[in-house]
Each structure stands twice: as C-alpha cells, then as structure tokens.
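File shown: query_22.cif. Contents: mmCIF, C-alpha atoms.
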```
data_final
#
loop_
_atom_site.label_atom_id
_atom_site.label_comp_id
_atom_site.auth_asym_id
_atom_site.auth_seq_id
_atom_site.Cartn_x
_atom_site.Cartn_y
_atom_site.Cartn_z
CA MET A 1 -16.95 58.41 -27.39
CA THR A 2 -14.25 55.84 -27.84
CA GLU A 3 -14.96 52.66 -29.74
CA GLN A 4 -14.70 50.72 -26.50
CA THR A 5 -17.20 52.94 -24.67
CA LYS A 6 -19.55 52.86 -27.62
CA ASN A 7 -19.38 49.12 -27.69
CA GLN A 8 -20.03 48.93 -23.98
CA ARG A 9 -22.99 51.33 -24.07
CA PHE A 10 -24.51 49.60 -27.07
CA LYS A 11 -24.21 46.31 -25.27
CA GLU A 12 -25.95 47.69 -22.20
CA MET A 13 -28.69 49.77 -23.81
CA VAL A 14 -29.59 48.04 -27.06
CA LEU A 15 -28.60 44.39 -27.03
CA PRO A 16 -30.96 43.49 -24.16
CA HIS A 17 -33.77 44.18 -26.63
CA LEU A 18 -32.75 41.60 -29.23
CA HIS A 19 -35.70 39.42 -28.25
CA ALA A 20 -38.09 42.30 -28.92
CA ALA A 21 -36.31 43.10 -32.19
CA TYR A 22 -36.55 39.52 -33.42
CA ASN A 23 -40.15 39.17 -32.27
CA LEU A 24 -41.20 42.25 -34.25
CA ALA A 25 -39.21 41.17 -37.30
CA ARG A 26 -40.71 37.70 -37.11
CA TRP A 27 -44.26 39.02 -36.93
CA LEU A 28 -43.67 41.48 -39.77
CA THR A 29 -41.95 39.04 -42.14
CA ARG A 30 -43.80 35.93 -40.93
CA ASN A 31 -40.87 33.62 -41.51
CA ASP A 32 -37.71 32.69 -39.63
CA GLN A 33 -35.11 33.35 -42.30
CA ASP A 34 -36.28 36.85 -43.19
CA ALA A 35 -36.69 37.67 -39.51
CA GLU A 36 -33.09 36.66 -38.85
CA ASP A 37 -31.78 38.69 -41.76
CA VAL A 38 -33.78 41.74 -40.75
CA THR A 39 -32.77 41.49 -37.08
CA GLN A 40 -29.09 41.20 -37.92
CA GLU A 41 -29.16 44.01 -40.47
CA ALA A 42 -31.15 46.28 -38.14
CA THR A 43 -28.87 45.65 -35.17
CA LEU A 44 -25.78 46.46 -37.19
CA ARG A 45 -27.45 49.60 -38.51
CA ALA A 46 -28.37 50.53 -34.96
CA PHE A 47 -24.73 50.19 -33.98
CA LYS A 48 -23.70 52.34 -36.90
CA PHE A 49 -26.15 55.08 -35.94
CA PHE A 50 -25.68 54.62 -32.21
CA ASP A 51 -24.02 58.04 -31.98
CA SER A 52 -27.41 59.59 -32.77
CA PHE A 53 -29.07 57.68 -29.93
CA ARG A 54 -30.04 60.25 -27.31
CA GLY A 55 -30.69 57.92 -24.40
CA GLU A 56 -34.41 57.50 -24.94
CA GLN A 57 -35.95 54.05 -24.51
CA GLY A 58 -33.48 51.70 -26.19
CA ARG A 59 -36.20 49.21 -27.02
CA ALA A 60 -38.43 51.63 -28.94
CA TRP A 61 -35.38 53.03 -30.71
CA LEU A 62 -34.21 49.60 -31.86
CA LEU A 63 -37.74 48.56 -32.85
CA GLY A 64 -38.04 51.64 -35.05
CA ILE A 65 -34.89 50.60 -36.89
CA VAL A 66 -36.11 47.01 -37.20
CA ARG A 67 -39.34 48.23 -38.73
CA ASN A 68 -37.61 50.51 -41.21
CA THR A 69 -35.18 47.79 -42.19
CA CYS A 70 -38.08 45.47 -42.77
CA TYR A 71 -40.00 47.89 -44.95
CA THR A 72 -36.94 48.90 -46.95
CA LYS A 73 -35.98 45.30 -47.60
CA PHE A 74 -39.41 44.28 -48.74
CA GLN A 75 -40.16 47.32 -50.82
CA LYS A 76 -36.90 46.81 -52.63
CA ASN A 77 -37.14 43.11 -53.20
CA ARG A 78 -40.63 41.83 -53.20
CA GLY A 79 -43.10 44.64 -53.31
CA GLN A 80 -46.11 44.05 -51.15
CA GLU A 81 -45.01 40.79 -49.63
CA LEU A 82 -45.43 41.95 -46.05
CA ASN A 83 -49.09 42.29 -46.83
CA THR A 84 -49.85 39.28 -48.98
CA PRO A 85 -52.51 36.99 -47.59
CA PHE A 86 -50.85 34.35 -45.54
CA ASP A 87 -50.73 30.81 -46.87
CA ASP A 88 -52.29 28.69 -44.18
CA GLU A 89 -50.78 25.41 -45.30
CA SER A 90 -47.18 26.53 -45.23
CA HIS A 91 -46.98 27.25 -41.56
CA SER A 92 -47.60 25.29 -38.43
CA LEU A 93 -48.67 28.05 -36.06
CA GLU A 94 -52.31 27.99 -36.81
CA SER A 95 -53.91 25.03 -35.15
CA GLN A 96 -57.59 24.90 -35.68
CA ASN A 97 -59.75 23.24 -33.17
CA PRO A 98 -62.53 21.23 -34.73
CA ASP A 99 -64.17 20.58 -31.39
CA MET A 100 -65.14 24.17 -30.90
CA PRO A 101 -68.86 24.69 -30.78
CA HIS A 102 -70.20 27.36 -33.06
CA GLY A 103 -72.52 30.12 -32.11
CA ASN A 104 -72.93 33.84 -32.02
CA PRO A 105 -69.55 35.19 -33.14
CA GLU A 106 -70.05 38.30 -31.03
CA SER A 107 -69.54 36.40 -27.82
CA ILE A 108 -66.94 33.90 -28.90
CA LEU A 109 -64.15 35.59 -27.03
CA SER A 110 -65.80 35.49 -23.70
CA ARG A 111 -66.73 31.84 -23.99
CA HIS A 112 -63.60 30.09 -25.14
CA GLU A 113 -60.38 29.40 -23.37
CA ASP A 114 -58.59 28.14 -26.43
CA PHE A 115 -57.21 30.93 -28.57
CA LYS A 116 -54.69 28.91 -30.53
CA GLN A 117 -56.13 30.27 -33.73
CA LEU A 118 -55.04 33.73 -32.60
CA ASN A 119 -51.57 33.28 -34.10
CA GLY A 120 -53.13 32.58 -37.46
CA ALA A 121 -55.52 35.50 -37.16
CA LEU A 122 -52.69 37.88 -36.26
CA GLU A 123 -50.66 36.69 -39.24
CA ARG A 124 -53.57 37.48 -41.54
CA LEU A 125 -53.84 41.09 -40.35
CA PRO A 126 -52.72 43.81 -42.77
CA VAL A 127 -49.20 44.79 -41.79
CA GLU A 128 -50.02 48.25 -40.39
CA PHE A 129 -52.56 46.75 -37.99
CA ARG A 130 -50.35 43.77 -37.22
CA GLU A 131 -47.40 45.90 -36.18
CA ALA A 132 -49.59 48.09 -33.96
CA VAL A 133 -51.04 45.05 -32.18
CA VAL A 134 -47.61 43.42 -31.75
CA LEU A 135 -46.07 46.61 -30.37
CA LYS A 136 -48.95 47.16 -27.96
CA ASP A 137 -50.04 43.71 -26.89
CA LEU A 138 -46.75 41.82 -27.05
CA GLU A 139 -44.24 44.57 -26.32
CA ASP A 140 -46.48 46.75 -24.17
CA LEU A 141 -45.19 49.99 -25.70
CA SER A 142 -47.15 53.14 -24.94
CA TYR A 143 -49.20 54.79 -27.70
CA LYS A 144 -46.57 57.51 -27.84
CA GLU A 145 -43.77 54.99 -28.36
CA ILE A 146 -45.77 53.16 -31.03
CA ALA A 147 -46.35 56.49 -32.78
CA ASP A 148 -42.59 57.07 -32.76
CA VAL A 149 -41.70 53.57 -33.92
CA THR A 150 -44.23 53.52 -36.75
CA ALA A 151 -43.87 57.21 -37.64
CA VAL A 152 -47.58 58.05 -37.54
CA PRO A 153 -49.61 60.42 -35.33
CA LEU A 154 -51.03 59.24 -32.01
CA GLY A 155 -54.59 59.25 -33.37
CA THR A 156 -53.57 56.88 -36.14
CA VAL A 157 -52.08 54.51 -33.57
CA MET A 158 -55.37 54.53 -31.71
CA SER A 159 -57.49 53.84 -34.77
CA ARG A 160 -55.12 51.17 -36.11
CA LEU A 161 -55.23 49.34 -32.80
CA ALA A 162 -59.00 49.58 -32.64
CA ARG A 163 -59.47 48.39 -36.21
CA GLY A 164 -56.78 45.73 -35.95
CA ARG A 165 -58.34 44.19 -32.90
CA LYS A 166 -61.79 44.36 -34.44
CA LEU A 167 -60.45 42.51 -37.49
CA LEU A 168 -58.84 39.91 -35.24
CA ARG A 169 -62.24 39.22 -33.74
CA VAL A 170 -63.77 38.94 -37.20
CA TYR A 171 -61.06 36.45 -38.27
CA LEU A 172 -61.56 34.44 -35.11
CA ALA A 173 -65.28 34.38 -35.68
CA GLN A 174 -64.71 33.19 -39.26
CA THR A 175 -62.46 30.37 -38.11
CA GLU A 176 -65.07 29.46 -35.57
CA GLN A 177 -67.90 29.45 -38.09
CA GLY A 178 -65.83 27.60 -40.66
CA ASN A 179 -65.13 24.87 -38.18
CA GLY A 180 -68.70 24.74 -37.07
CA ASP A 181 -70.07 24.50 -40.61
CA GLY A 182 -67.54 21.92 -41.62
CA MET A 183 -68.26 19.54 -38.80
CA MET B 184 -73.49 65.44 -18.86
CA ALA B 185 -73.31 61.69 -19.07
CA MET B 186 -71.11 60.04 -21.61
CA GLU B 187 -72.89 58.45 -24.54
CA CYS B 188 -72.32 55.00 -26.02
CA LYS B 189 -70.71 56.44 -29.13
CA ASP B 190 -68.02 58.29 -27.19
CA THR B 191 -67.51 55.38 -24.87
CA LEU B 192 -67.04 52.87 -27.68
CA GLU B 193 -64.59 55.22 -29.34
CA LEU B 194 -62.49 55.51 -26.20
CA LEU B 195 -62.78 51.88 -25.07
CA PRO B 196 -59.60 50.61 -26.76
CA ALA B 197 -57.57 53.38 -25.15
CA HIS B 198 -59.29 52.59 -21.87
CA VAL B 199 -58.31 48.94 -22.21
CA ASP B 200 -54.74 50.07 -22.82
CA ARG B 201 -54.86 52.45 -19.85
CA GLU B 202 -53.92 55.41 -21.99
CA LEU B 203 -56.69 57.72 -20.77
CA GLY B 204 -56.55 60.40 -18.12
CA LEU B 205 -58.35 59.99 -14.83
CA PRO B 206 -61.37 62.19 -15.73
CA GLU B 207 -62.08 60.20 -18.90
CA VAL B 208 -61.58 56.93 -17.04
CA MET B 209 -64.13 57.96 -14.44
CA GLU B 210 -66.63 59.02 -17.10
CA ILE B 211 -66.26 55.72 -18.89
CA GLU B 212 -66.51 53.68 -15.71
CA ARG B 213 -69.69 55.55 -14.83
CA HIS B 214 -71.18 54.85 -18.25
CA LEU B 215 -70.15 51.19 -18.18
CA GLN B 216 -72.02 50.67 -14.93
CA THR B 217 -75.26 51.76 -16.50
CA CYS B 218 -74.88 50.31 -20.00
CA PRO B 219 -74.81 46.51 -20.38
CA ARG B 220 -74.01 46.72 -24.09
CA CYS B 221 -70.89 48.81 -23.63
CA GLN B 222 -70.00 46.68 -20.63
CA ALA B 223 -70.19 43.56 -22.82
CA GLU B 224 -68.04 45.17 -25.48
CA TYR B 225 -65.52 46.17 -22.84
CA ALA B 226 -65.39 42.59 -21.57
CA GLU B 227 -64.79 41.33 -25.12
CA GLN B 228 -61.92 43.72 -25.61
CA LEU B 229 -60.36 42.80 -22.28
CA ALA B 230 -60.75 39.11 -23.14
CA LEU B 231 -59.07 39.60 -26.50
CA ARG B 232 -56.15 41.43 -24.95
CA ALA B 233 -55.72 38.78 -22.29
CA ALA B 234 -55.90 36.08 -24.96
CA ILE B 235 -53.26 37.78 -27.09
CA GLY B 236 -50.97 38.09 -24.08
CA ARG B 237 -51.51 34.45 -23.25
CA ASP B 238 -51.69 32.64 -26.56
CA VAL B 239 -49.87 34.62 -29.21
CA THR B 240 -46.34 33.33 -29.77
CA TYR B 241 -43.53 35.55 -28.57
CA PHE B 242 -40.52 34.78 -30.73
CA ASN B 243 -37.32 34.86 -28.73
CA VAL B 244 -34.17 35.49 -30.71
CA PRO B 245 -32.47 32.20 -31.69
CA SER B 246 -29.14 31.82 -29.89
CA HIS B 247 -27.21 31.23 -33.11
CA LEU B 248 -28.44 34.58 -34.40
CA GLU B 249 -27.44 36.31 -31.21
CA SER B 250 -23.94 34.88 -31.48
CA ARG B 251 -23.77 35.89 -35.13
CA ILE B 252 -24.75 39.47 -34.30
CA GLN B 253 -22.25 39.62 -31.43
CA ALA B 254 -19.57 38.41 -33.77
CA ALA B 255 -20.50 40.92 -36.44
CA LEU B 256 -20.13 43.90 -34.10
CA PRO B 257 -16.71 45.52 -34.15
CA SER B 258 -14.48 44.21 -31.32
CA PRO B 259 -17.18 41.88 -30.07
CA PRO B 260 -17.80 42.15 -26.33
CA LEU B 261 -17.86 38.99 -24.28
CA ARG B 262 -21.16 38.35 -22.67
CA ALA B 263 -23.47 35.56 -21.70
CA PRO B 264 -26.60 34.96 -23.77
CA LEU B 265 -29.84 36.74 -22.94
CA PRO B 266 -32.27 34.90 -20.72
CA ALA B 267 -35.38 33.92 -22.64
CA LYS B 268 -38.07 36.50 -22.22
CA ARG B 269 -41.14 34.45 -21.51
CA THR B 270 -39.89 31.02 -20.71
CA TRP B 271 -37.62 31.84 -17.80
CA ASN B 272 -34.66 29.59 -17.67
CA TRP B 273 -33.85 30.03 -14.04
CA LEU B 274 -30.71 27.95 -14.09
CA ALA B 275 -29.20 29.93 -16.93
CA MET B 276 -30.45 33.06 -15.28
CA GLY B 277 -28.54 32.33 -12.11
CA THR B 278 -25.31 32.24 -14.02
CA THR B 279 -26.06 35.34 -16.04
CA LEU B 280 -27.51 37.48 -13.28
CA VAL B 281 -24.21 39.12 -12.64
CA SER B 282 -23.60 39.87 -16.28
CA ILE B 283 -27.02 41.28 -17.05
CA ILE B 284 -26.76 44.96 -16.83
CA ALA B 285 -30.08 46.54 -16.29
CA VAL B 286 -31.10 49.13 -18.82
CA ALA B 287 -30.50 52.58 -17.53
CA TRP B 288 -33.59 54.66 -17.52
CA SER B 289 -34.00 58.31 -17.15
CA VAL B 290 -36.94 59.01 -14.93
CA SER B 291 -35.63 62.26 -13.62
CA LEU B 292 -37.99 62.08 -10.68
CA TYR B 293 -36.07 59.25 -9.13
CA MET B 294 -32.65 59.19 -7.61
CA ILE B 295 -30.18 56.42 -7.17
CA LEU B 296 -30.69 54.47 -3.99
CA PRO B 297 -28.14 55.16 -1.29
CA SER B 298 -25.95 52.21 -0.54
CA ALA B 299 -27.41 51.85 2.97
CA ASP B 300 -30.55 50.46 1.35
CA ASP B 301 -28.66 48.07 -0.89
CA ARG B 302 -29.01 45.16 1.45
CA PHE B 303 -32.72 45.79 1.78
CA ALA B 304 -33.01 45.96 -2.00
CA ASP B 305 -31.17 42.66 -2.30
CA GLU B 306 -33.50 41.06 0.19
CA VAL B 307 -36.56 42.42 -1.62
CA ILE B 308 -35.38 41.03 -4.95
CA SER B 309 -34.39 37.71 -3.40
CA SER B 310 -37.79 37.35 -1.81
CA HIS B 311 -39.49 38.21 -5.10
CA VAL B 312 -37.41 35.73 -7.09
CA ARG B 313 -37.76 33.04 -4.42
CA SER B 314 -41.54 33.33 -4.47
CA LEU B 315 -41.54 33.00 -8.28
CA LEU B 316 -39.16 30.04 -8.16
CA THR B 317 -41.01 28.08 -5.54
CA GLY B 318 -44.42 29.07 -6.80
CA HIS B 319 -45.18 30.20 -3.28
CA GLY B 320 -46.51 33.58 -4.28
CA VAL B 321 -49.34 34.00 -1.84
CA ASP B 322 -50.52 32.66 1.53
CA VAL B 323 -53.93 34.18 0.99
CA ALA B 324 -55.16 34.16 -2.61
CA SER B 325 -57.88 36.68 -3.26
CA SER B 326 -58.56 39.75 -5.31
CA ASP B 327 -60.86 41.00 -2.55
CA ARG B 328 -59.15 43.53 -0.34
CA HIS B 329 -61.63 42.73 2.42
CA THR B 330 -60.28 39.19 2.45
CA VAL B 331 -56.61 40.00 2.10
CA LYS B 332 -56.37 42.85 4.58
CA PRO B 333 -57.92 41.05 7.59
CA TRP B 334 -55.74 38.02 6.87
CA PHE B 335 -52.76 39.96 8.19
CA ASN B 336 -54.52 40.59 11.52
CA GLY B 337 -52.58 39.07 14.37
CA LYS B 338 -49.70 38.17 12.07
CA LEU B 339 -48.18 41.64 11.94
CA ASP B 340 -48.02 44.48 14.43
CA PHE B 341 -49.38 46.83 11.78
CA SER B 342 -52.19 46.76 9.25
CA PRO B 343 -51.03 47.20 5.66
CA PRO B 344 -53.23 49.21 3.28
CA VAL B 345 -54.69 46.86 0.65
CA TYR B 346 -56.38 47.87 -2.59
CA ASP B 347 -57.42 45.93 -5.65
CA LEU B 348 -56.23 47.78 -8.75
CA THR B 349 -57.89 45.57 -11.38
CA THR B 350 -59.58 48.48 -13.09
CA GLU B 351 -56.20 50.16 -13.45
CA GLY B 352 -54.62 47.06 -14.99
CA PHE B 353 -52.97 45.74 -11.85
CA PRO B 354 -55.25 43.08 -10.38
CA LEU B 355 -54.61 42.04 -6.78
CA VAL B 356 -53.65 38.37 -6.57
CA GLY B 357 -53.24 38.00 -2.83
CA GLY B 358 -50.77 38.44 -0.03
CA ARG B 359 -48.16 36.61 1.99
CA LEU B 360 -46.05 37.12 5.04
CA ASP B 361 -42.41 37.72 4.46
CA TYR B 362 -39.36 38.40 6.57
CA ILE B 363 -37.10 41.21 5.46
CA ASP B 364 -34.51 43.26 7.27
CA HIS B 365 -34.97 41.20 10.45
CA ARG B 366 -38.69 41.81 10.71
CA PRO B 367 -41.94 40.44 9.38
CA VAL B 368 -43.45 42.49 6.55
CA ALA B 369 -46.56 42.27 4.40
CA ALA B 370 -46.05 41.27 0.77
CA LEU B 371 -48.98 42.09 -1.50
CA VAL B 372 -48.97 40.40 -4.87
CA TYR B 373 -50.27 42.10 -8.00
CA ARG B 374 -50.29 41.12 -11.62
CA HIS B 375 -49.61 43.16 -14.71
CA ARG B 376 -50.04 41.15 -17.90
CA GLN B 377 -47.71 38.16 -17.51
CA HIS B 378 -45.68 39.89 -14.85
CA VAL B 379 -45.88 39.62 -11.09
CA ILE B 380 -45.43 42.71 -8.96
CA ASP B 381 -44.58 42.21 -5.30
CA LEU B 382 -45.36 45.13 -3.01
CA PHE B 383 -43.63 44.99 0.36
CA VAL B 384 -45.12 47.13 3.10
CA ALA B 385 -43.71 47.92 6.55
CA PRO B 386 -43.96 50.83 8.99
CA ILE B 387 -41.21 53.43 8.74
CA THR B 388 -38.60 52.82 11.39
CA GLY B 389 -36.62 55.46 13.25
CA ASP B 390 -37.38 59.12 12.83
CA ARG B 391 -37.33 59.12 9.02
CA LYS B 392 -40.57 60.80 8.05
CA ASP B 393 -40.27 61.79 4.45
CA ILE B 394 -38.61 59.42 2.03
CA PRO B 395 -38.60 60.67 -1.56
CA PRO B 396 -39.34 58.07 -4.25
CA GLN B 397 -36.26 56.16 -5.23
CA SER B 398 -35.66 53.42 -7.69
CA LEU B 399 -33.08 51.08 -8.99
CA SER B 400 -32.64 48.25 -11.42
CA ARG B 401 -30.58 45.22 -10.91
CA GLN B 402 -30.44 41.72 -12.33
CA GLY B 403 -33.20 42.67 -14.72
CA TYR B 404 -35.56 43.58 -11.88
CA HIS B 405 -36.77 47.04 -11.09
CA ILE B 406 -37.57 48.45 -7.69
CA VAL B 407 -39.41 51.59 -6.68
CA ARG B 408 -39.49 52.64 -3.07
CA TRP B 409 -41.52 55.38 -1.49
CA ALA B 410 -43.14 56.31 1.80
CA HIS B 411 -46.70 57.26 2.51
CA GLY B 412 -48.75 57.61 5.67
CA GLY B 413 -46.09 56.25 7.97
CA MET B 414 -45.47 53.18 5.80
CA VAL B 415 -42.62 52.44 3.47
CA PHE B 416 -43.45 50.66 0.20
CA TRP B 417 -41.15 48.62 -2.01
CA ALA B 418 -42.53 47.54 -5.38
CA VAL B 419 -40.42 45.00 -7.24
CA SER B 420 -40.99 43.37 -10.61
CA ASP B 421 -39.56 42.64 -14.01
CA VAL B 422 -42.07 44.94 -15.72
CA GLU B 423 -40.75 47.98 -17.51
CA PRO B 424 -39.74 50.78 -15.14
CA ALA B 425 -42.42 52.99 -16.68
CA GLN B 426 -45.11 50.45 -15.77
CA LEU B 427 -43.79 50.17 -12.25
CA GLY B 428 -43.94 53.96 -12.01
CA LYS B 429 -47.53 53.82 -13.22
CA PHE B 430 -48.31 51.19 -10.59
CA ARG B 431 -46.97 53.51 -7.90
CA GLU B 432 -48.97 56.47 -9.20
CA VAL B 433 -52.18 54.46 -9.35
CA LEU B 434 -51.65 53.12 -5.86
CA LEU B 435 -50.89 56.59 -4.54
CA VAL B 436 -54.27 57.78 -5.79
CA TYR B 437 -55.92 55.08 -3.68
CA LEU B 438 -53.65 55.67 -0.69
CA SER B 439 -54.41 59.37 -0.74
CA GLY B 440 -58.13 58.85 -1.25
CA GLY B 441 -58.63 56.16 1.36
#
```

What would the structure in this file look like if it were written as structure tokens?
Amino acid sequence: MTEQTKNQRFKEMVLPHLHAAYNLARWLTRNDQDAEDVTQEATLRAFKFFDSFRGEQGRAWLLGIVRNTCYTKFQKNRGQELNTPFDDESHSLESQNPDMPHGNPESILSRHEDFKQLNGALERLPVEFREAVVLKDLEDLSYKEIADVTAVPLGTVMSRLARGRKLLRVYLAQTEQGNGDGM
Amino acid sequence: MAMECKDTLELLPAHVDRELGLPEVMEIERHLQTCPRCQAEYAEQLALRAAIGRDVTYFNVPSHLESRIQAALPSPPLRAPLPAKRTWNWLAMGTTLVSIIAVAWSVSLYMILPSADDRFADEVISSHVRSLLTGHGVDVASSDRHTVKPWFNGKLDFSPPVYDLTTEGFPLVGGRLDYIDHRPVAALVYRHRQHVIDLFVAPITGDRKDIPPQSLSRQGYHIVRWAHGGMVFWAVSDVEPAQLGKFREVLLVYLSGG
C-alpha cells in the first residue's frame, strides 16, 4: 500500500479512537502528562505497525498497543508505579461527600445517587482490575476483545471484572464508613 | 434442575455484561425470581455498572495532543478535530460531519445499502439527531409496552410491535410519532448505556416481501435495517455497530416469539 493510502486508512480506521486511547492511558497512568506521552507514543507505534493490522476492530487494536506501551514504559522507568497506592491529596478527582449517611455497606449502592467517590475508588484499584473495568464499563468492549487487548484468557477477564467490581464496592463502603465515623 | 445460588452468583457479572447465551440467561432469570438474595446482589451489580457509566470520568483526548499526533505522522493529513465523545459539541459536529468518516466494519452478514434507500437513511439519521438536539425524544414516556403500544392507536394506520428489552440491556424509554419518506411512522426509543437508539417502524410498501438485513454508517451514526412480519425496521444510533446488531438480534427473538 502506498504511503498515501496507508495514511488515509490509518486516519479512517485508527484515529477516530484517539479518545479511547487517551482515556485508557489516563486511567492506567493516572496523570495527564504520562497519559499524553503514552498516547502519542502508542499512536505512532500503531502507525508503524499498521501494515500488520488485519481490519479487525480498530479500537481494540489501538487499545492493545496503548496498554503495551504503558506497561513497557513503566516497567522500564519506574517499576511498579502503575500499581502504587494512589495519593489522595495530589489529585482533585476524588470528592468526598461528608453529608452521606452511613449504614450497612452492602446496600450503599442502591441507596445513593452520588457516586463522585467512584473516580477515587477506580484509581485505587490494582492495575489489572482497573484496566478490565475501564475496558468494559467505559469502552464497552466485549469479553473477547478485552481478552485480546490484555492478552489473558476469557476466564481471567471474567474473574478480574468480578473481583475488580467487588473491590470497588469495598472501597466505596470504606469511604462511606470513613465519612460516617468522622462526622 | 434448578440453578443454585453459587452458580448464579458466579455467572452474575457476565449476566450483567450480557455475555451469556440465552439458555444460561433464562436459567438465571428463573433463579432470580425465586431468590431475593441473588436478586439483591444482581441489583447492586446493575447499580454499580450504571454508576460507573454515569459518574466515572471519561477522559477525552486534549486537542493540543491530537494536533501534535497529527503533526508527528508522516505527511500529516488535513482533518478537523474529533468531536468530544461524551459531551457532544453539536455546533462543532455540524461542521465536522462531512469529514468524519465512519469506521468501516466487517459484519459479513450485512451488505451495503443500495442508493435508493439513501434518502430514507438520511431522513432517519436527521430525525434521530433532531430528537437528540431538541430533547424531544418521546411523546409518550414509558418503559411499559402496554402504555406505549396503545398510544399509537388512532395516530397511525398500523400498530407497531412494542417490547421492553430492559433485561437484555436495552430499556424502552418511550415512543413518538415521526414523519419519514412522506408518511407517518412510529419511532420507538430505547437506551443502551449513555446512548439512545431510535427504532423506526413502518409497514412494508409495494410488493417487497423479503428485505435482507442491511446496514450502513455515516456521520458517526450506524443504521441497521431489516424486515419482519410485514414491517420494516430501521434502528439508528451512535452505539458500536456490534451493539446495534445485538439489539436487532434481541428484538428479533421477541418479534418471533410474540
């Protein structure tokens, strides 16, 4: 394929998914600068390897490259950083609501409309659960696509999603209780 | 052999994500109806998923980064910026509609729409976008098919089939009257996560009996058209083509059963 055609096809099939690429990178790295670096590097890599793209879902393909870029970058530079506990004070996403009544954590989800603490809870998730939840609940990929993107078997996708969401509920319940006790 | 709690709880997340086959879904639904504890757990999981969809931040790519990436590609193509994914900027969208090239998808089942239907497709998309723009999505707002279906009585010379697909992940929101291809049609409104799916229904005109499923994408919207039981159906939305295909399959199960 000529350079012009390649450019054109890349533009049509991959670039529309830049939002998804950035969103995944942002949730994996948990900060803007790293997310930008990863997104740019991954997109350029995708262009380089575009000849090996076989016309499957462009979004899942690009997200797989974003994920790999992310992991490579962080393994090389800063070890386990993707998984370090998140510092609550350094980010503005997590807004805790002191007015929330406390109660049985089991039923918190069904009672409250305000889930602003969800961002914070998702950021605290171990990275393998976090990426599964982001790919499913924000990107709406199928289990099969998530398995491809994260390079694990389907059963692992299922159990990571189940455990990730369970942990989210535990974190939410902790926030809830913390607020309740503190007030 | 009834399904036990243990099996049900194990499969619930996949059920919430609509990844199970019909037999498993039916088993689970049967168990849920008799087991309040599993039912409560199911509700919690649905609530969490809805909350994530609603409240977790979706990070759109910053425009300066998009420009930087465009510039870094060899012989950078000229194109307008992407429309934001969640916060629709309709004004910007209007100007970029022409330049957005819908992602090609390879559902081999479908064929490319013949050009004769192009005008109809345009009208369907226009109606869909107009209803989103004006916020006039429904004339009758209800998830109860027994409210929505009778509402069309006396307004149309046919009675559209109406089903609530909440359990399949496509809750019915309501219906409205619309005017497409010089005739009044029924528009049924469904939801899938943050997306709205409009389903236009009208009787087949002329002697065309069997219309194979066809689909197309344009301006970032996807359309699937098919015929069933003397009616022609147009589903239009900005959901992924695969989800729209799923919507059609789910609906077909109901259409065939009822």

Reference answer for the PyMOL selection byres ((chain A) within 8 of (chain B)), as JSON, numbers by chain: {"A": [7, 8, 11, 12, 13, 16, 18, 19, 20, 22, 23, 26, 36, 40, 43, 44, 47, 55, 56, 57, 107, 109, 110, 115, 116, 118, 119, 137, 138, 142, 143, 158, 161, 162, 165, 169]}

Atomic distance CA of Gly413 (chain B) - CA of Tyr373 (chain B), expressed in Å with one decimal: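 These atoms are spaced 21.7 Å apart.
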
Long-range neighbours of Thr349 (chain B) as a PyMOL selection string, 12 Å cut-off, all atoms listed in the file, 4 positions minimum in chain: chain B and resi 199+201+229+326-328+353-356+373-376+430+433-434

Expected selection from the PyMOL selection byres ((chain B and resi 311) around 12), given as a ChimeraX atom specification: /B:304-310,312-321,359,361-363,370-373,378-383,404-406,417-421

Distance in Å - CA of Phe53 (chain A) versus CA of Gly428 (chain B):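 Taking CA of Phe53 (chain A) and CA of Gly428 (chain B), their separation equals 23.6 Å.
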
7 Å contact set for region 60-68 of chain A, only C-alpha atoms, chain neighbours under 2 positions out, as a list of chain:residue names: A:Val14, A:Ala21, A:Ala25, A:Val38, A:Thr39, A:Ala42, A:Ala46, A:Gln57, A:Gly58, A:Cys70, A:Tyr71, A:Thr72, A:Glu145, A:Val149, A:Thr150

Near-Leu28 (chain A) list (8 Å; only C-alpha atoms; drop same-chain fewer than 3 positions) as JSON, numbers by chain: {"A": [24, 25, 35, 70, 82, 127, 130, 131]}

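Rounded to one decimal, CA of Val152 (chain A) and CA of Phe10 (chain A) lie 26.7 Å from each other.
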